[in-house]
Amino acid sequence: MGILNVTPDSFSDGGKFVGIDQALAQAQHMLNAGASIIDIGGESTRPGAASVDDQQEIDRVLPVLEAIVQRFDVIVSVDTSKPSVMRSAAAGGAGMLNDVRALSEPGALQAAAELGLPVCLMHMLGEPRTMQNDPKYVDVVKEVTDFLKERVQMCRSAGIGADQLLIDPGFGFGKTLSHNLELLRNLGKLADIAPVLTGLSRKSMIAGLLGDEGADRIIASVAAAMHCVLGGASIIRVHDVEQTAQALKVLNAVEHGV
Ligand code: PT1
């Protein structure tokens with residue numbers, strides 16, 4: 001899954017792909033490099049980010065979504081928590097919903113169930129603006145696992161098929177570096193619940209591991225993504241599709257031959 005941010009303030013490529021032409025060029029590049037899903041997000045959810053209103057998010061996402069769907073044969077995922085954005089996205093040709101709030105906003109569960117699209121349910125502690133202010137867990141793996149199980153149950157009760165659900169521990173969303181590492185070590189426990197999607201690409205935990213805020217985060221992000229795949233992840237959400245796809249070729253050759 002290649003990341004296409006259409007926010008003016010996104011954390012690592014903020015503002016770069018706001019224009020349609022630039023968004024299309026980036027999508028083309030990611031597809032050539034081997035992405036099978038493009039994830040478009042109009043709300044920045046990086047630590048400290050402020051919220052946006054429904055219309056603003058629709059105005060950012062829809063034109064890019066429609067342009068990509070028209071031009072490329074690819075699944076487009078829309079990264080949103082808002083039912084109105086979900087409905088517009090589905091009408092605009094989105095093939096998947098990616099919700100960092102796991103359909104907890106009023107009306108989101110019902111919207112997703114009605115739309116019938118696959119949904120990724122992510123765990124977050126708190127809200128983006130404040131989630132990194134001293135997050136605390138007694139047992140992070142158990143709490144994240146229990147939360148995701150409960151959200152999957154909620155979706156099943158609302159009529160969403162088991163084969164339409166993905167789960168994501170939400171790396172960097174209300175988690176310290178050691179919380180993130182503990183979750184990474186235990187990804188297999190999540191894979192027993194539903195197919196797992198992970199996103200660590202260029203996040204501050206990568207810089208934390210490198211011990212250098214200014215370091216280039218690409219190689220370390222690829223290493224983290226490979227750990228996720230070996231740990232059972234089905235979809236990896238990344239900025240650097242080309243580099244990630246190269247590393248994946250090595251893993252795939254070891255597993256299945258060339
Ligand atoms: C993710 C994800 C996402 N991450 C899913 N959707 C972001 N399913 C947006 C940092 O610490 O992991 N899974 N949508 C981006 N969010 C962040 C969070 C960006 C933390 C940066 C950081 O730097």
# chains A, B, ... in the order shown; residues from 1 in each chain; ligands from 1
>>> residues_near_ligand(ligand="ligand 1", cutoff="6 Å", atoms="only C-alpha atoms and all ligand atoms", output="ChimeraX atom specification")
/A:45-47,98,100,122,168,170-173,198-200,203-205
>>> write_last_selection(atoms="N, CA and C atoms", output="compact mmCIF listing (two decimals), in the first residue's frame")
# COMPACT_ATOMS: atom_id res chain seq x y z
N THR A 45 -2.84 12.70 10.62
CA THR A 45 -3.03 12.09 11.94
C THR A 45 -1.68 11.92 12.64
N ARG A 46 -0.67 12.61 12.13
CA ARG A 46 0.62 12.54 12.82
C ARG A 46 0.48 13.21 14.19
N PRO A 47 1.41 12.90 15.12
CA PRO A 47 1.30 13.50 16.46
C PRO A 47 1.23 15.02 16.39
N ASN A 98 -9.90 3.04 5.31
CA ASN A 98 -8.83 2.89 6.29
C ASN A 98 -9.11 3.88 7.41
N VAL A 100 -8.27 5.18 11.15
CA VAL A 100 -7.39 5.18 12.34
C VAL A 100 -8.21 5.22 13.63
N MET A 122 -7.98 0.48 12.96
CA MET A 122 -6.69 0.72 13.63
C MET A 122 -6.88 1.09 15.09
N ASP A 168 -5.01 -3.22 12.52
CA ASP A 168 -3.73 -2.52 12.52
C ASP A 168 -3.45 -2.03 13.94
N GLY A 170 -1.59 0.26 14.94
CA GLY A 170 -1.45 1.72 15.02
C GLY A 170 -0.11 2.18 15.57
N PHE A 171 0.97 1.84 14.89
CA PHE A 171 2.29 2.25 15.35
C PHE A 171 2.40 3.78 15.41
N GLY A 172 2.85 4.26 16.58
CA GLY A 172 3.02 5.70 16.77
C GLY A 172 1.76 6.44 17.20
N PHE A 173 0.66 5.72 17.36
CA PHE A 173 -0.60 6.36 17.73
C PHE A 173 -0.87 6.17 19.22
N THR A 198 0.18 -2.91 8.57
CA THR A 198 1.04 -2.13 9.47
C THR A 198 1.61 -0.91 8.75
N GLY A 199 1.82 0.15 9.51
CA GLY A 199 2.41 1.37 8.97
C GLY A 199 3.46 1.92 9.91
N LEU A 200 4.72 1.83 9.51
CA LEU A 200 5.80 2.41 10.32
C LEU A 200 6.62 3.40 9.51
N LYS A 203 8.17 7.05 10.37
CA LYS A 203 7.62 7.59 11.62
C LYS A 203 8.73 7.92 12.61
N SER A 204 8.36 8.71 13.66
CA SER A 204 9.38 9.14 14.62
C SER A 204 9.98 7.96 15.38
N MET A 205 9.25 6.84 15.49
CA MET A 205 9.86 5.68 16.15
C MET A 205 11.08 5.17 15.38
>>> closest_atom_pairs(of="range 94-120 of chain A", to="range 129-147 of chain A", cutoff="12 Å", atoms="only C-alpha atoms", output="CSV")
residue,atom,partner,partner_atom,distance
A:Arg101,CA,A:Phe147,CA,11.2
A:Ala102,CA,A:Phe147,CA,9.6
A:Ser104,CA,A:Phe147,CA,11.5
>>> write_last_selection(atoms="N, CA and C atoms", output="CSV table (one decimal), in the first residue's frame")
chain,number,residue,atom,x,y,z
A,101,ARG,N,-9.5,5.5,13.5
A,101,ARG,CA,-10.4,5.5,14.7
A,101,ARG,C,-11.3,4.2,14.8
A,102,ALA,N,-11.0,3.3,13.9
A,102,ALA,CA,-11.7,2.0,13.9
A,102,ALA,C,-13.2,2.1,13.9
A,104,SER,N,-15.2,4.4,15.1
A,104,SER,CA,-15.7,4.8,16.4
A,104,SER,C,-16.5,6.2,16.3
>>> select_by_dssp(residues="range 33-63 of chain A", states="helix (DSSP H, G or I)", output="NGL selection string")
:A and (54-63)
>>> closest_residue(among="A:Lys175, A:Gly34, A:Ser88, A:Leu115", to="Leu248 in chain A", atoms="only C-alpha atoms")
A:Gly34
>>> select_by_dssp(residues="range 44-151 of chain A", states="strand (DSSP E)", output="list in words")
Ile75, Val76, Ser77, Val78, Asp79, Met96, Leu97, Asn98, Asp99, Val119, Cys120, Leu121 and Met122 of chain A
>>> closest_residue(among="A:Gly95, A:Pro195, A:Gly48, A:Gly214", to="Val152 in chain A", atoms="only C-alpha atoms")
A:Pro195
>>> residues_around(residues="Gln246 in chain A", least_positions_apart="6", cutoff="12 Å", atoms="only C-alpha atoms", output="ChimeraX atom specification")
/A:33-35,219,222-223,225-226,240,252-253
>>> write_last_selection(atoms="all heavy atoms", output="CSV table (one decimal), in the first residue's frame")
chain,number,residue,atom,x,y,z
A,33,ALA,N,6.3,1.0,-9.3
A,33,ALA,CA,7.2,0.3,-8.3
A,33,ALA,C,6.6,-0.9,-7.7
A,33,ALA,O,7.3,-1.6,-7.0
A,33,ALA,CB,7.6,1.3,-7.3
A,34,GLY,N,5.3,-1.1,-7.9
A,34,GLY,CA,4.7,-2.4,-7.5
A,34,GLY,C,3.6,-2.3,-6.4
A,34,GLY,O,3.2,-3.3,-5.8
A,35,ALA,N,3.1,-1.0,-6.1
A,35,ALA,CA,2.0,-0.9,-5.2
A,35,ALA,C,0.8,-1.5,-5.7
A,35,ALA,O,0.5,-1.4,-6.9
A,35,ALA,CB,1.8,0.6,-4.8
A,219,ILE,N,15.8,3.4,4.8
A,219,ILE,CA,16.3,2.1,4.9
A,219,ILE,C,15.8,1.4,6.2
A,219,ILE,O,15.4,0.2,6.2
A,219,ILE,CB,17.9,2.1,4.9
A,219,ILE,CG1,18.3,2.5,3.5
A,219,ILE,CG2,18.4,0.7,5.3
A,219,ILE,CD1,19.8,2.7,3.3
A,222,VAL,N,12.2,0.4,5.7
A,222,VAL,CA,12.1,-0.9,4.9
A,222,VAL,C,12.4,-2.1,5.8
A,222,VAL,O,11.7,-3.1,5.7
A,222,VAL,CB,13.1,-0.8,3.7
A,222,VAL,CG1,13.1,-2.2,3.0
A,222,VAL,CG2,12.6,0.3,2.7
A,223,ALA,N,13.4,-2.0,6.7
A,223,ALA,CA,13.7,-3.1,7.6
A,223,ALA,C,12.6,-3.4,8.5
A,223,ALA,O,12.2,-4.5,8.7
A,223,ALA,CB,15.0,-2.7,8.4
A,225,ALA,N,9.4,-2.8,7.8
A,225,ALA,CA,8.4,-3.3,7.0
A,225,ALA,C,8.6,-4.8,6.8
A,225,ALA,O,7.7,-5.7,6.8
A,225,ALA,CB,8.2,-2.6,5.7
A,226,MET,N,9.9,-5.2,6.6
A,226,MET,CA,10.2,-6.6,6.3
A,226,MET,C,10.0,-7.4,7.6
A,226,MET,O,9.5,-8.5,7.5
A,226,MET,CB,11.7,-6.8,5.9
A,226,MET,CG,12.0,-6.2,4.5
A,226,MET,SD,10.9,-6.7,3.2
A,226,MET,CE,9.9,-5.2,3.0
A,240,ASP,N,7.8,4.7,0.6
A,240,ASP,CA,8.9,4.4,-0.4
A,240,ASP,C,8.7,3.0,-1.0
A,240,ASP,O,9.3,2.0,-0.7
A,240,ASP,CB,10.3,4.4,0.4
A,240,ASP,CG,10.4,5.8,1.0
A,240,ASP,OD1,10.5,6.8,0.3
A,240,ASP,OD2,10.3,5.9,2.3
A,252,ASN,N,10.5,-12.8,-0.8
A,252,ASN,CA,9.7,-13.7,-1.6
A,252,ASN,C,10.5,-14.8,-2.2
A,252,ASN,O,10.1,-15.9,-2.3
A,252,ASN,CB,8.9,-12.9,-2.7
A,252,ASN,CG,7.8,-12.1,-2.0
A,252,ASN,OD1,7.3,-12.5,-1.0
A,252,ASN,ND2,7.4,-11.1,-2.7
A,253,ALA,N,11.7,-14.4,-2.7
A,253,ALA,CA,12.6,-15.4,-3.3
A,253,ALA,C,13.0,-16.5,-2.3
A,253,ALA,O,13.1,-17.7,-2.6
A,253,ALA,CB,13.8,-14.8,-4.0
>>> atom_distance(atom1="CA of Val254 in chain A", atom2="CA of Ala224 in chain A")
17.8 Å
>>> closest_residue(among="A:Pro8, A:Gln55, A:Gln22, A:Leu103", to="Ile68 in chain A", atoms="only C-alpha atoms")
A:Gln22
>>> residues_around(residues="Leu109 in chain A", least_positions_apart="5", cutoff="12 Å", atoms="only C-alpha atoms", output="PyMOL selection string")
chain A and resi 81-84+86-87+97+99+101-104+114-117+119-121+151-160
>>> closest_residue(among="A:Lys249, A:His239, A:Arg71, A:His256", to="Leu4 in chain A", atoms="only C-alpha atoms")
A:His239
>>> atom_distance(atom1="CA of His123 in chain A", atom2="CA of Ile235 in chain A")
15.9 Å
>>> residues_around(residues="Ala25 in chain A", least_positions_apart="2", cutoff="12 Å", atoms="only C-alpha atoms", output="PyMOL selection string")
chain A and resi 4+16-23+27-32+64+67-68+71-72
>>> atom_distance(atom1="CA of Ala50 in chain A", atom2="CA of Pro128 in chain A")
7.4 Å
>>> closest_residue(among="A:Ala194, A:Val78, A:Ala91, A:Leu183", to="Ala162 in chain A", atoms="only C-alpha atoms")
A:Ala194
>>> decode(residues="range 126-137 of chain A", atoms="C-alpha atoms", output="compact mmCIF listing (two decimals), in the first residue's frame")
# COMPACT_ATOMS: atom_id res chain seq x y z
CA GLY A 126 -6.34 9.30 22.49
CA GLU A 127 -6.43 11.75 19.59
CA PRO A 128 -3.61 12.84 17.27
CA ARG A 129 -3.21 16.28 18.84
CA THR A 130 -2.31 14.86 22.28
CA MET A 131 -1.75 11.11 21.84
CA GLN A 132 2.01 11.23 22.40
CA ASN A 133 1.70 13.01 25.77
CA ASP A 134 2.88 10.18 28.04
CA PRO A 135 0.78 7.25 26.74
CA LYS A 136 0.33 4.50 29.35
CA TYR A 137 -0.69 0.84 29.24
